[in-house]
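*Asks:* This is the structure I want to talk about, given as structure tokens.
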There are 2 protein chains.
Amino acid sequence: MARTAGSNGTRTLEAIRKAGLRLIYRQGYEAMSLRQLASEVGIQVGSLYNHISTKQDLLFDLIRVHMEELIARLDRALEGFDSPADRLDAFIRFHVEYHIARKREVFISYSELRSLEPKNYDVIVELRGRYERRLIDILDEGVAHEDFTTADTTVAAFGILAMLTGVCTWFKPGGRLSKDEVIEVYSGMIRDGLVRPGAGFTPDRLLPRPPAGAVPGA
Amino acid sequence: MARTAGSNGTRTLEAIRKAGLRLIYRQGYEAMSLRQLASEVGIQVGSLYNHISTKQDLLFDLIRVHMEELIARLDRALEGFDSPADRLDAFIRFHVEYHIARKREVFISYSELRSLEPKNYDVIVELRGRYERRLIDILDEGVAHEDFTTADTTVAAFGILAMLTGVCTWFKPGGRLSKDEVIEVYSGMIRDGLVRPGAGFTPDRLLPRPPAGAVPGA
């Protein structure tokens, strides 16, 4: 999307992307005007067009770059893990850490899918499918190697993704559970069941119970 | 919020609520003008004020009524189920069915929390906490009765809610899996693990595997 060259142009484009992300996160894509975006960056509206073609172009760029980075970083995070069980653990850790660190990108990538023009929407859905496929492949491989079983690898993958992404909506640094504890609890629940039948079992990872009404991480 | 009395007023208010839900879902709260809302309903802008006080009032009402109905209907859905395991199954079925049926309310209740004024936000967070508490109580009771164990009932509850709510983003009626099959698969995964260690195990509920790249319900 960049029409500019040189480091000044790159810095301005980066400032536009950051301001756009902030504004879209705060008030939504439709409500953001280019006038407001320019004012947030501290440039004239006319100058915006040296860096972005349209508002749609900016939204698409924000979501596309987020998805492409997600996939590229996942691939790096999985490097060196061979067994499906280890790859699943690495996937869980990566997904939680990345999503906690990019709350705003995650939010707009979900809430503003509605605002993407059809051809842009299709690109994002394809990228999302590629990311989901990485997890489905890990589960399929685990089933093939008889490392684990699951009722349906695609539904399980969607369940795991929703559960882990949900962490960003309630996790707060400095809360009752650390990020590592959350990852450990979720890894255990994904393997052993969120709620496990069987009396009297005390898992190693049993954590102190929160007071009634407490919100984890709050 | 209703300032009107009588069935005409009630019908108009209902039309305003429906149009508001549609517009906020489509383009976001900030971008919806009262002029647009009135035009969607087919009344004058001035007449809106016979039914709603402010745009904020309408958003708050939409989310509050959604949350209150969610809680009231859950309580009815749990009636007659005594054991924690049965109550958990009833909760899962209710949550999936209600959320699939109310996609738009679910979406705005999440994406437009940012647009609520602080006092309204607090009311909604309290209602959400009350709903979450119902599930945490079922899990706590199950743990107390030694019907099941879980590493952390609050984290498990948040995981279950995120996973089940996620169904609304991908489930399509007439797709590969029926609503009942989705509910059955998720109930099983919540009890036994999304991905279960142990080779050679074939659960009764094993479903035909989808072709590569297939999206459930798509």
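Residue names in the structure tokens use chain letters A, B, ... in the order shown, residue numbers from 1 in each chain, and ligand numbers from 1 in the order shown.
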Give me the residues within 10 Å of Thr12 (chain B) as a PyMOL selection string, counting only C-alpha atoms and dropping any in the same chain fewer than 6 places off.
*Replies:* chain B and resi 4+18+41-43+47-48+50-51
*Asks:* Tell me which protein, DNA and RNA residues are within 10 Å of Asp57 (chain A), counting only C-alpha atoms, leaving out same-chain ones fewer than 3 positions away, and put them as a list in words.
*Replies:*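 Near neighbours after the sequence-gap exclusion: Met1, Ile52, Ser53, Thr54, Phe60, Asp61, Leu62, Leu116, Glu117 and Asn120 of chain A.
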*Asks:* Quick one: DSSP alpha helix (DSSP H) residues in region 66-187 of chain B, as a PyMOL selection string?
*Replies:* chain B and resi 66-78+84-101+103-111+118-144+153-170+179-187
*Asks:* Just how far from CA of Arg133 (chain B) is CA of Arg73 (chain B), in Å to one decimal?
*Replies:*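 CA of Arg133 (chain B) lies 14.9 Å from CA of Arg73 (chain B).
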*Asks:* Determine, counting only C-alpha atoms, which protein, DNA and RNA residues have an atom within 12 Å of an atom of Leu127 (chain A); residues of the same chain fewer than 3 positions away are not included. Present the result as a list in words.
*Replies:*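 Near neighbours after the sequence-gap exclusion: Ile63, Arg64, Val65, His66, Met67, Glu68, Glu69, Leu70, Ile71, Ala72, Ser109, Asn120, Tyr121, Asp122, Val123, Ile124, Arg130, Tyr131, Glu132, Arg133 and Arg134 of chain A.
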*Asks:* Let me see the file: selected residues, N, CA, C and O atoms, as an mmCIF file, in the first residue's frame.
*Replies:*
```
data_model
loop_
_atom_site.group_PDB
_atom_site.id
_atom_site.type_symbol
_atom_site.label_atom_id
_atom_site.label_comp_id
_atom_site.auth_asym_id
_atom_site.auth_seq_id
_atom_site.Cartn_x
_atom_site.Cartn_y
_atom_site.Cartn_z
ATOM 1 N N ILE A 63 -5.256 -5.357 8.904
ATOM 2 C CA ILE A 63 -5.671 -6.736 9.190
ATOM 3 C C ILE A 63 -4.772 -7.736 8.453
ATOM 4 O O ILE A 63 -4.355 -8.744 9.011
ATOM 5 N N ARG A 64 -4.424 -7.418 7.198
ATOM 6 C CA ARG A 64 -3.594 -8.329 6.413
ATOM 7 C C ARG A 64 -2.202 -8.495 7.040
ATOM 8 O O ARG A 64 -1.725 -9.617 7.216
ATOM 9 N N VAL A 65 -1.581 -7.373 7.416
ATOM 10 C CA VAL A 65 -0.251 -7.453 8.024
ATOM 11 C C VAL A 65 -0.318 -8.233 9.339
ATOM 12 O O VAL A 65 0.539 -9.066 9.635
ATOM 13 N N HIS A 66 -1.366 -7.987 10.114
ATOM 14 C CA HIS A 66 -1.548 -8.732 11.368
ATOM 15 C C HIS A 66 -1.609 -10.238 11.095
ATOM 16 O O HIS A 66 -0.928 -11.029 11.757
ATOM 17 N N MET A 67 -2.410 -10.636 10.120
ATOM 18 C CA MET A 67 -2.565 -12.068 9.820
ATOM 19 C C MET A 67 -1.278 -12.666 9.269
ATOM 20 O O MET A 67 -0.904 -13.788 9.618
ATOM 21 N N GLU A 68 -0.588 -11.917 8.403
ATOM 22 C CA GLU A 68 0.648 -12.450 7.826
ATOM 23 C C GLU A 68 1.726 -12.609 8.896
ATOM 24 O O GLU A 68 2.457 -13.594 8.905
ATOM 25 N N GLU A 69 1.796 -11.630 9.806
ATOM 26 C CA GLU A 69 2.777 -11.746 10.897
ATOM 27 C C GLU A 69 2.438 -12.906 11.817
ATOM 28 O O GLU A 69 3.318 -13.604 12.313
ATOM 29 N N LEU A 70 1.146 -13.068 12.065
ATOM 30 C CA LEU A 70 0.682 -14.165 12.919
ATOM 31 C C LEU A 70 1.182 -15.504 12.362
ATOM 32 O O LEU A 70 1.752 -16.325 13.090
ATOM 33 N N ILE A 71 1.002 -15.704 11.069
ATOM 34 C CA ILE A 71 1.403 -16.964 10.438
ATOM 35 C C ILE A 71 2.925 -17.114 10.434
ATOM 36 O O ILE A 71 3.461 -18.161 10.800
ATOM 37 N N ALA A 72 3.636 -16.036 10.074
ATOM 38 C CA ALA A 72 5.101 -16.118 9.995
ATOM 39 C C ALA A 72 5.694 -16.388 11.375
ATOM 40 O O ALA A 72 6.609 -17.207 11.531
ATOM 41 N N SER A 109 -9.517 -7.197 13.831
ATOM 42 C CA SER A 109 -9.516 -8.283 12.837
ATOM 43 C C SER A 109 -10.797 -9.100 12.935
ATOM 44 O O SER A 109 -11.185 -9.785 11.997
ATOM 45 N N ASN A 120 -11.177 -7.913 -0.453
ATOM 46 C CA ASN A 120 -10.283 -7.870 0.705
ATOM 47 C C ASN A 120 -10.702 -8.889 1.760
ATOM 48 O O ASN A 120 -9.863 -9.546 2.392
ATOM 49 N N TYR A 121 -12.007 -8.992 1.955
ATOM 50 C CA TYR A 121 -12.557 -9.975 2.898
ATOM 51 C C TYR A 121 -12.071 -11.380 2.528
ATOM 52 O O TYR A 121 -11.621 -12.138 3.389
ATOM 53 N N ASP A 122 -12.129 -11.694 1.223
ATOM 54 C CA ASP A 122 -11.712 -13.027 0.777
ATOM 55 C C ASP A 122 -10.239 -13.293 1.093
ATOM 56 O O ASP A 122 -9.882 -14.403 1.483
ATOM 57 N N VAL A 123 -9.397 -12.266 0.922
ATOM 58 C CA VAL A 123 -7.968 -12.442 1.218
ATOM 59 C C VAL A 123 -7.778 -12.756 2.703
ATOM 60 O O VAL A 123 -7.017 -13.658 3.080
ATOM 61 N N ILE A 124 -8.490 -12.023 3.562
ATOM 62 C CA ILE A 124 -8.337 -12.223 5.009
ATOM 63 C C ILE A 124 -8.867 -13.595 5.430
ATOM 64 O O ILE A 124 -8.253 -14.284 6.243
ATOM 65 N N ARG A 130 -5.553 -20.319 6.597
ATOM 66 C CA ARG A 130 -4.204 -20.879 6.566
ATOM 67 C C ARG A 130 -3.681 -21.044 7.998
ATOM 68 O O ARG A 130 -3.039 -22.035 8.324
ATOM 69 N N TYR A 131 -3.964 -20.064 8.837
ATOM 70 C CA TYR A 131 -3.542 -20.148 10.245
ATOM 71 C C TYR A 131 -4.266 -21.299 10.954
ATOM 72 O O TYR A 131 -3.641 -22.109 11.649
ATOM 73 N N GLU A 132 -5.585 -21.368 10.770
ATOM 74 C CA GLU A 132 -6.375 -22.450 11.382
ATOM 75 C C GLU A 132 -5.869 -23.814 10.907
ATOM 76 O O GLU A 132 -5.810 -24.770 11.675
ATOM 77 N N ARG A 133 -5.503 -23.859 9.616
ATOM 78 C CA ARG A 133 -5.015 -25.109 9.023
ATOM 79 C C ARG A 133 -3.777 -25.621 9.740
ATOM 80 O O ARG A 133 -3.582 -26.828 9.883
ATOM 81 N N ARG A 134 -2.898 -24.678 10.186
ATOM 82 C CA ARG A 134 -1.699 -25.093 10.923
ATOM 83 C C ARG A 134 -2.090 -25.921 12.152
ATOM 84 O O ARG A 134 -1.467 -26.931 12.456
#
```
*Asks:* Would you list the contacts of Leu74 (chain A) as a list in words, taking every protein, DNA or RNA residue within 8 Å and counting only C-alpha atoms, but skipping same-chain residues closer than 6 positions in sequence?
*Replies:*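 Near Leu74 (chain A), the qualifying residues are Phe91, Phe94 and His95 of chain A.
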*Asks:* Could you state the separation of CA of Ile16 (chain A) and CA of Ala31 (chain B) in Å, given to one decimal place?
*Replies:*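 Interatomic distance here is 20.6 Å.
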*Asks:* Using only C-alpha atoms, which residue out of B:Ile100, B:Ala156, B:Leu13, B:Leu78 lies closest to Met189 (chain A)?
*Replies:*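 So, comparing all the options, the nearest one is B:Ala156.
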*Asks:* Smallest atom-to-atom distance to chain B: which of A:Glu97, A:Glu112, A:Glu40, A:Asp75, using only C-alpha atoms?
*Replies:* A:Glu112
*Asks:* Could you check how far CA of Gln36 (chain B) sits from CA of Leu37 (chain A), in Å to one decimal?
*Replies:*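 According to the coordinates, CA of Gln36 (chain B) and CA of Leu37 (chain A) are separated by 23.5 Å.
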*Asks:* With only C-alpha atoms as the atoms that count, which of A:Arg35, A:Arg176, A:Lys119, A:Arg114 lies nearest to chain B?
*Replies:*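 Among A:Arg35, A:Arg176, A:Lys119, A:Arg114, it is A:Arg114 that comes nearest to chain B.
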*Asks:* From the DSSP assignment of the backbone, select every residue of chain B that is strand (DSSP E), and format the answer as a short mmCIF file (atom, residue, chain, number, x, y, z; two decimals) with all heavy atoms, in the first residue's frame.
*Replies:*
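The file below, states17.cif, is the result:
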```cif
data_model
loop_
_atom_site.label_atom_id
_atom_site.label_comp_id
_atom_site.auth_asym_id
_atom_site.auth_seq_id
_atom_site.Cartn_x
_atom_site.Cartn_y
_atom_site.Cartn_z
N PHE B 148 -16.74 -34.06 39.09
CA PHE B 148 -15.62 -33.81 38.20
C PHE B 148 -14.60 -32.90 38.87
O PHE B 148 -14.87 -32.33 39.93
CB PHE B 148 -16.04 -33.24 36.84
CG PHE B 148 -17.20 -32.28 36.83
CD1 PHE B 148 -17.12 -31.02 37.41
CD2 PHE B 148 -18.38 -32.65 36.19
CE1 PHE B 148 -18.19 -30.14 37.35
CE2 PHE B 148 -19.46 -31.77 36.14
CZ PHE B 148 -19.36 -30.51 36.72
N THR B 149 -13.43 -32.84 38.26
CA THR B 149 -12.38 -31.95 38.77
C THR B 149 -11.98 -31.01 37.65
O THR B 149 -12.21 -31.28 36.48
CB THR B 149 -11.12 -32.75 39.18
OG1 THR B 149 -10.72 -33.53 38.07
CG2 THR B 149 -11.37 -33.62 40.37
N ARG B 196 -7.29 -35.59 23.31
CA ARG B 196 -7.16 -36.54 24.38
C ARG B 196 -5.91 -37.37 24.20
O ARG B 196 -5.72 -37.94 23.13
CB ARG B 196 -8.37 -37.46 24.25
CG ARG B 196 -8.85 -38.10 25.44
CD ARG B 196 -10.16 -38.80 25.07
NE ARG B 196 -10.96 -38.05 24.08
CZ ARG B 196 -12.25 -38.24 23.94
NH1 ARG B 196 -12.89 -39.09 24.71
NH2 ARG B 196 -12.93 -37.58 23.02
N PRO B 197 -5.06 -37.47 25.21
CA PRO B 197 -3.89 -38.35 25.01
C PRO B 197 -4.38 -39.80 25.00
O PRO B 197 -5.44 -40.09 25.50
CB PRO B 197 -3.03 -38.08 26.24
CG PRO B 197 -3.80 -37.17 27.13
CD PRO B 197 -5.15 -36.94 26.57
#
```
*Asks:* Using only C-alpha atoms, which residue out of A:Arg26, A:Arg128, A:His99, A:Arg11 lies closest to chain B?
*Replies:* A:Arg26
*Asks:* Looking at only C-alpha atoms, which of B:Asp192, B:Asp152, B:Asp137, B:Glu14 is the one that sits closest to Leu58 (chain B)?
*Replies:*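 The closest residue to Leu58 (chain B) is B:Glu14.
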*Asks:* Give me the residues near Lys179 (chain B) as a VMD selection string, where near means some atom within 10 Å (using only C-alpha atoms) and where sequence neighbours in that chain fewer than 2 positions away do not count.
*Replies:* chain B and resid 93 96 to 97 100 167 171 to 177 181 to 185 217
*Asks:* List the spatial neighbours of Gly159 (chain A) as a ChimeraX atom specification - criterion: any atom at most 10 Å away, only C-alpha atoms, same-chain residues fewer than 6 positions off excluded.
*Replies:* /A:153,165,190 /B:159-160,162-167,186,189-190,194
